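To be precise, the following lines are structure_17.json, and they hold JSON, C-alpha atoms and all ligand atoms.
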[["chain", "number", "residue", "atom", "x", "y", "z"],
["M", 1, "MET", "CA", 76.98, 87.75, 109.06],
["M", 2, "ALA", "CA", 77.90, 84.10, 108.57],
["M", 3, "SER", "CA", 80.74, 82.92, 110.72],
["M", 4, "SER", "CA", 82.31, 79.83, 112.17],
["M", 5, "LEU", "CA", 79.87, 80.20, 115.06],
["M", 6, "GLU", "CA", 76.91, 79.61, 112.79],
["M", 7, "PRO", "CA", 75.29, 76.29, 113.71],
["M", 8, "ARG", "CA", 75.18, 73.63, 111.07],
["M", 9, "ARG", "CA", 71.81, 72.29, 110.05],
["M", 10, "SER", "CA", 71.32, 68.74, 111.24],
["M", 11, "GLU", "CA", 68.57, 66.20, 110.81],
["M", 12, "ALA", "CA", 69.46, 64.78, 114.19],
["M", 13, "ALA", "CA", 68.97, 68.14, 115.84],
["M", 14, "VAL", "CA", 65.57, 68.61, 114.24],
["M", 15, "ASP", "CA", 64.53, 65.14, 115.29],
["M", 16, "ARG", "CA", 65.74, 65.84, 118.80],
["M", 17, "LEU", "CA", 63.25, 68.67, 119.25],
["M", 18, "TRP", "CA", 60.29, 66.51, 118.42],
["M", 19, "SER", "CA", 61.06, 63.03, 119.66],
["M", 20, "PRO", "CA", 63.89, 63.64, 122.07],
["M", 21, "TRP", "CA", 63.75, 60.65, 124.31],
["M", 22, "ARG", "CA", 62.82, 57.78, 122.06],
["M", 23, "HIS", "CA", 65.29, 58.63, 119.33],
["M", 24, "ALA", "CA", 68.15, 58.79, 121.77],
["M", 25, "TYR", "CA", 67.49, 55.50, 123.42],
["M", 26, "VAL", "CA", 66.67, 53.52, 120.36],
["M", 27, "THR", "CA", 70.04, 54.50, 118.95],
["M", 28, "ARG", "CA", 72.00, 54.28, 122.17],
["M", 29, "ASP", "CA", 70.70, 51.10, 123.74],
["M", 30, "GLU", "CA", 69.48, 48.37, 121.45],
["M", 31, "ARG", "CA", 67.88, 46.56, 124.36],
["M", 32, "THR", "CA", 65.10, 49.14, 124.43],
["M", 33, "ALA", "CA", 64.39, 49.00, 120.71],
["M", 34, "GLY", "CA", 61.32, 46.82, 121.08],
["M", 35, "GLY", "CA", 60.16, 47.98, 124.51],
["M", 36, "CYS", "CA", 59.44, 51.08, 126.55],
["M", 37, "VAL", "CA", 62.43, 53.18, 127.61],
["M", 38, "PHE", "CA", 60.74, 54.17, 130.85],
["M", 39, "CYS", "CA", 59.92, 50.58, 131.78],
["M", 40, "ASP", "CA", 63.57, 49.78, 130.95],
["M", 41, "VAL", "CA", 64.95, 52.53, 133.18],
["M", 42, "ASP", "CA", 67.18, 50.03, 134.99],
["M", 43, "THR", "CA", 69.60, 49.97, 132.04],
["M", 44, "PRO", "CA", 72.98, 51.61, 132.78],
["M", 45, "ALA", "CA", 72.46, 54.26, 130.09],
["M", 46, "ALA", "CA", 69.21, 55.37, 131.69],
["M", 47, "GLN", "CA", 70.49, 55.18, 135.26],
["M", 48, "ALA", "CA", 73.22, 57.69, 134.40],
["M", 49, "LEU", "CA", 70.44, 60.22, 133.86],
["M", 50, "VAL", "CA", 68.21, 59.35, 136.81],
["M", 51, "LEU", "CA", 68.10, 62.17, 139.38],
["M", 52, "HIS", "CA", 65.87, 60.49, 141.91],
["M", 53, "THR", "CA", 63.99, 57.23, 142.29],
["M", 54, "GLY", "CA", 60.85, 57.54, 144.37],
["M", 55, "ARG", "CA", 58.57, 54.86, 145.62],
["M", 56, "LEU", "CA", 56.12, 55.21, 142.73],
["M", 57, "ALA", "CA", 57.83, 57.55, 140.27],
["M", 58, "PHE", "CA", 61.30, 58.66, 139.20],
["M", 59, "VAL", "CA", 62.96, 61.84, 137.93],
["M", 60, "ILE", "CA", 65.23, 61.58, 134.90],
["M", 61, "LEU", "CA", 67.06, 63.99, 132.60],
["M", 62, "ASN", "CA", 66.04, 64.13, 128.97],
["M", 63, "LEU", "CA", 68.95, 62.75, 126.94],
["M", 64, "TYR", "CA", 68.40, 65.40, 124.26],
["M", 65, "PRO", "CA", 67.30, 68.34, 126.38],
["M", 66, "TYR", "CA", 65.31, 71.23, 125.03],
["M", 67, "ASN", "CA", 67.21, 73.45, 127.46],
["M", 68, "GLY", "CA", 69.74, 73.00, 130.23],
["M", 69, "GLY", "CA", 68.09, 71.19, 133.14],
["M", 70, "HIS", "CA", 65.37, 69.53, 131.04],
["M", 71, "ALA", "CA", 64.03, 66.85, 133.40],
["M", 72, "MET", "CA", 61.10, 64.45, 133.29],
["M", 73, "VAL", "CA", 59.00, 63.02, 136.11],
["M", 74, "VAL", "CA", 57.85, 59.54, 135.13],
["M", 75, "PRO", "CA", 55.47, 57.36, 137.13],
["M", 76, "LYS", "CA", 56.37, 53.75, 137.65],
["M", 77, "ARG", "CA", 52.61, 53.67, 137.59],
["M", 78, "HIS", "CA", 50.70, 56.92, 138.09],
["M", 79, "VAL", "CA", 50.47, 58.26, 141.62],
["M", 80, "GLU", "CA", 53.58, 60.13, 142.78],
["M", 81, "VAL", "CA", 53.95, 62.44, 139.81],
["M", 82, "ALA", "CA", 52.46, 65.65, 141.25],
["M", 83, "ARG", "CA", 54.66, 65.56, 144.35],
["M", 84, "LEU", "CA", 57.90, 64.87, 142.46],
["M", 85, "THR", "CA", 57.02, 67.44, 139.81],
["M", 86, "ARG", "CA", 56.78, 70.12, 142.50],
["M", 87, "LEU", "CA", 60.04, 69.03, 144.15],
["M", 88, "THR", "CA", 61.86, 68.84, 140.79],
["M", 89, "GLU", "CA", 60.60, 72.34, 139.99],
["M", 90, "MET", "CA", 62.03, 73.54, 143.33],
["M", 91, "ALA", "CA", 65.36, 71.78, 142.66],
["M", 92, "LEU", "CA", 65.70, 73.28, 139.15],
["M", 93, "GLU", "CA", 64.80, 76.72, 140.55],
["M", 94, "GLU", "CA", 67.52, 76.38, 143.16],
["M", 95, "VAL", "CA", 70.22, 75.09, 140.80],
["M", 96, "TYR", "CA", 69.55, 77.18, 137.68],
["M", 97, "ALA", "CA", 67.46, 80.16, 138.85],
["M", 98, "PRO", "CA", 65.61, 80.21, 135.51],
["M", 99, "GLN", "CA", 63.35, 83.12, 134.59],
["M", 100, "GLY", "CA", 60.51, 80.72, 133.80],
["M", 101, "MET", "CA", 59.76, 77.06, 133.37],
["M", 102, "ASN", "CA", 57.67, 74.95, 131.02],
["M", 103, "ILE", "CA", 56.03, 72.07, 132.88],
["M", 104, "GLY", "CA", 53.72, 69.77, 131.03],
["M", 105, "LEU", "CA", 52.70, 66.76, 129.05],
["M", 106, "ASN", "CA", 53.04, 65.94, 125.39],
["M", 107, "LEU", "CA", 50.20, 63.50, 124.87],
["M", 108, "GLY", "CA", 50.48, 61.53, 121.64],
["M", 109, "ARG", "CA", 52.99, 61.72, 118.84],
["M", 110, "PRO", "CA", 51.39, 64.69, 117.04],
["M", 111, "ALA", "CA", 51.92, 66.71, 120.24],
["M", 112, "GLY", "CA", 55.61, 65.79, 120.29],
["M", 113, "ALA", "CA", 55.61, 62.83, 122.63],
["M", 114, "GLY", "CA", 58.65, 60.66, 121.99],
["M", 115, "VAL", "CA", 57.39, 57.91, 124.29],
["M", 116, "VAL", "CA", 53.71, 57.67, 123.58],
["M", 117, "ASP", "CA", 52.52, 54.90, 125.88],
["M", 118, "HIS", "CA", 54.17, 55.90, 129.18],
["M", 119, "VAL", "CA", 53.01, 59.28, 130.47],
["M", 120, "HIS", "CA", 55.74, 61.63, 131.74],
["M", 121, "VAL", "CA", 55.92, 65.25, 132.87],
["M", 122, "HIS", "CA", 58.55, 67.48, 131.24],
["M", 123, "LEU", "CA", 60.18, 70.33, 133.18],
["M", 124, "VAL", "CA", 62.18, 72.73, 131.01],
["M", 125, "PRO", "CA", 63.87, 75.74, 132.61],
["M", 126, "ARG", "CA", 63.52, 78.84, 130.42],
["M", 127, "TRP", "CA", 65.39, 82.11, 130.13],
["M", 128, "ASN", "CA", 64.50, 85.29, 128.31],
["M", 129, "GLY", "CA", 65.87, 85.02, 124.78],
["M", 130, "ASP", "CA", 66.57, 81.29, 124.90],
["M", 131, "THR", "CA", 64.50, 80.78, 121.76],
["M", 132, "ASN", "CA", 66.60, 83.26, 119.82],
["M", 133, "PHE", "CA", 68.09, 82.78, 116.38],
["M", 134, "MET", "CA", 70.14, 79.70, 117.18],
["M", 135, "PRO", "CA", 67.29, 77.16, 117.39],
["M", 136, "VAL", "CA", 65.00, 79.10, 115.04],
["M", 137, "ILE", "CA", 67.51, 79.54, 112.24],
["M", 138, "GLY", "CA", 69.97, 76.80, 112.96],
["M", 139, "GLU", "CA", 67.60, 74.20, 114.39],
["M", 140, "VAL", "CA", 70.27, 73.44, 116.93],
["M", 141, "ARG", "CA", 70.18, 73.67, 120.70],
["M", 142, "VAL", "CA", 73.24, 75.07, 122.37],
["M", 143, "LEU", "CA", 73.48, 73.66, 125.86],
["M", 144, "PRO", "CA", 75.88, 75.05, 128.42],
["M", 145, "GLU", "CA", 76.83, 71.85, 130.21],
["M", 146, "THR", "CA", 76.89, 68.08, 129.80],
["M", 147, "LEU", "CA", 74.10, 65.88, 131.11],
["M", 148, "ASP", "CA", 76.56, 64.34, 133.58],
["M", 149, "THR", "CA", 77.15, 67.80, 135.01],
["M", 150, "THR", "CA", 73.44, 68.59, 135.12],
["M", 151, "ALA", "CA", 72.72, 65.32, 136.92],
["M", 152, "ALA", "CA", 75.53, 65.92, 139.41],
["M", 153, "ARG", "CA", 74.20, 69.40, 140.20],
["M", 154, "VAL", "CA", 70.50, 68.59, 140.48],
["M", 155, "ARG", "CA", 70.64, 65.17, 142.19],
["M", 156, "PRO", "CA", 71.85, 66.32, 145.63],
["M", 157, "VAL", "CA", 69.44, 69.26, 145.72],
["M", 158, "LEU", "CA", 66.50, 67.04, 144.83],
["M", 159, "ALA", "CA", 67.62, 64.44, 147.38],
["M", 160, "ARG", "CA", 67.66, 67.12, 150.07],
["M", 161, "LEU", "CA", 64.21, 68.45, 149.11],
["M", 162, "VAL", "CA", 62.73, 64.95, 149.05],
["M", 163, "ALA", "CA", 64.24, 64.21, 152.48],
["M", 164, "GLU", "CA", 62.98, 67.51, 153.92],
["M", 165, "GLN", "CA", 59.49, 66.83, 152.67],
["M", 166, "GLY", "CA", 59.38, 63.32, 154.03],
["M", 167, "ALA", "CA", 57.84, 60.21, 152.56],
["M", 168, "PRO", "CA", 54.58, 60.51, 150.61],
["M", 169, "ARG", "CA", 51.46, 59.85, 152.57],
["M", 201, "ZN", "ZN", 56.73, 52.01, 130.03]]

In structure tokens, write the structure found in this file.
Amino acid sequence: MASSLEPRRSEAAVDRLWSPWRHAYVTRDERTAGGCVFCDVDTPAAQALVLHTGRLAFVILNLYPYNGGHAMVVPKRHVEVARLTRLTEMALEEVYAPQGMNIGLNLGRPAGAGVVDHVHVHLVPRWNGDTNFMPVIGEVRVLPETLDTTAARVRPVLARLVAEQGAPR
């Protein structure tokens, strides 16, 4: 039963499921330690994950994704989120052809929000069986590709969809 493939239990992995964004950036970029990671999106570490910057909102990969392709639509203020959420959904569908997708908000820390003061929409592609024994028993996510690869795949598709749709009215 047990084998070398068995995931090791890890506090970091558990933390990642519940406060994915904040934990990553507080440890990776000290500049954000006292501020808001979404307001500080111009840092190089964050820009490496940005898929698209709109006029009023941006699309960014979650540094500790729940699944491959885990993206977030974050308003610079509040307005452009619905449009970019739809286009990001279309881009993730095209790139990953998932069998389902979780799209939603974690409002407040008890609901799992890692960044509590800056609303953001999560998009998580889902496949049948992707919550199998690995995360349940091992508390570890096994992701098939690096974030650099995910960004490189999704960015051009999202750019094309945004261009096809035209500027927001
Ligand atoms: Zn902010």

Residue among M:Ile60, M:Val124, M:Val50, M:Cys36 lying closest to ligand ZN 201 (chain M), counting only C-alpha atoms and all ligand atoms: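 Closest residue, counting only C-alpha atoms and all ligand atoms: M:Cys36.
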
Pairwise distance for CA of Asn102 (chain M) and CA of Val41 (chain M), rounded to one decimal in Å: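 Taking CA of Asn102 (chain M) as the start and CA of Val41 (chain M) as the end point, the length is 23.7 Å.
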
Contacts to ligand ZN 201 (chain M) at 10 Å cut-off (all atoms listed in the file) as a VMD selection string: chain M and resid 35 to 41 74 to 77 115 to 120

Next, the residues of the selection above should be written as a short mmCIF file (atom, residue, chain, number, x, y, z; two decimals), keeping the file's coordinate frame with C-alpha atoms.
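result-v2.cif written:
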data_model
loop_
_atom_site.label_atom_id
_atom_site.label_comp_id
_atom_site.auth_asym_id
_atom_site.auth_seq_id
_atom_site.Cartn_x
_atom_site.Cartn_y
_atom_site.Cartn_z
CA GLY M 35 60.16 47.98 124.51
CA CYS M 36 59.44 51.08 126.55
CA VAL M 37 62.43 53.18 127.61
CA PHE M 38 60.74 54.17 130.85
CA CYS M 39 59.92 50.58 131.78
CA ASP M 40 63.57 49.78 130.95
CA VAL M 41 64.95 52.53 133.18
CA VAL M 74 57.85 59.54 135.13
CA PRO M 75 55.47 57.36 137.13
CA LYS M 76 56.37 53.75 137.65
CA ARG M 77 52.61 53.67 137.59
CA VAL M 115 57.39 57.91 124.29
CA VAL M 116 53.71 57.67 123.58
CA ASP M 117 52.52 54.90 125.88
CA HIS M 118 54.17 55.90 129.18
CA VAL M 119 53.01 59.28 130.47
CA HIS M 120 55.74 61.63 131.74
#

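The interatomic distance for the pair CA of Ala113 (chain M) and CA of Thr88 (chain M) works out to 20.1 Å.
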
Length of the CA of Ala151 (chain M) to CA of Ala71 (chain M) vector [Å]: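 Computed distance, CA of Ala151 (chain M) to CA of Ala71 (chain M), equals 9.5 Å.
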
Distance criterion (only C-alpha atoms): nearest to Val73 (chain M) out of M:Ala152, M:Ala111, M:Leu161, M:Leu87: M:Leu87

Shell of 6 Å around His122 (chain M), all atoms listed in the file, local chain residues under 5 positions omitted, as a list in words: Ala71, Met72, Ile103 and Gly104 of chain M

Take the selection from the previous step and output its residues with C-alpha atoms, as a compact mmCIF listing (two decimals), in the coordinates of the input.
# COMPACT_ATOMS: atom_id res chain seq x y z
CA ALA M 71 64.03 66.85 133.40
CA MET M 72 61.10 64.45 133.29
CA ILE M 103 56.03 72.07 132.88
CA GLY M 104 53.72 69.77 131.03

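When only C-alpha atoms are used to compute distances to Ala57 (chain M), the closest of the residues M:Ala82, M:Val157, M:Leu147, M:Ala45 turns out to be M:Ala82.
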
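Nearest-residue note for Phe58 (chain M): choosing from M:Arg153, M:Arg109, M:Arg126, M:Arg83, the minimum distance belongs to M:Arg83, counting all atoms listed in the file.
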
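Comparing M:Gly69, M:Gly54, M:Pro144, M:Gly129 by their smallest distance to Ala91 (chain M), the closest is M:Gly69 (using all atoms listed in the file).
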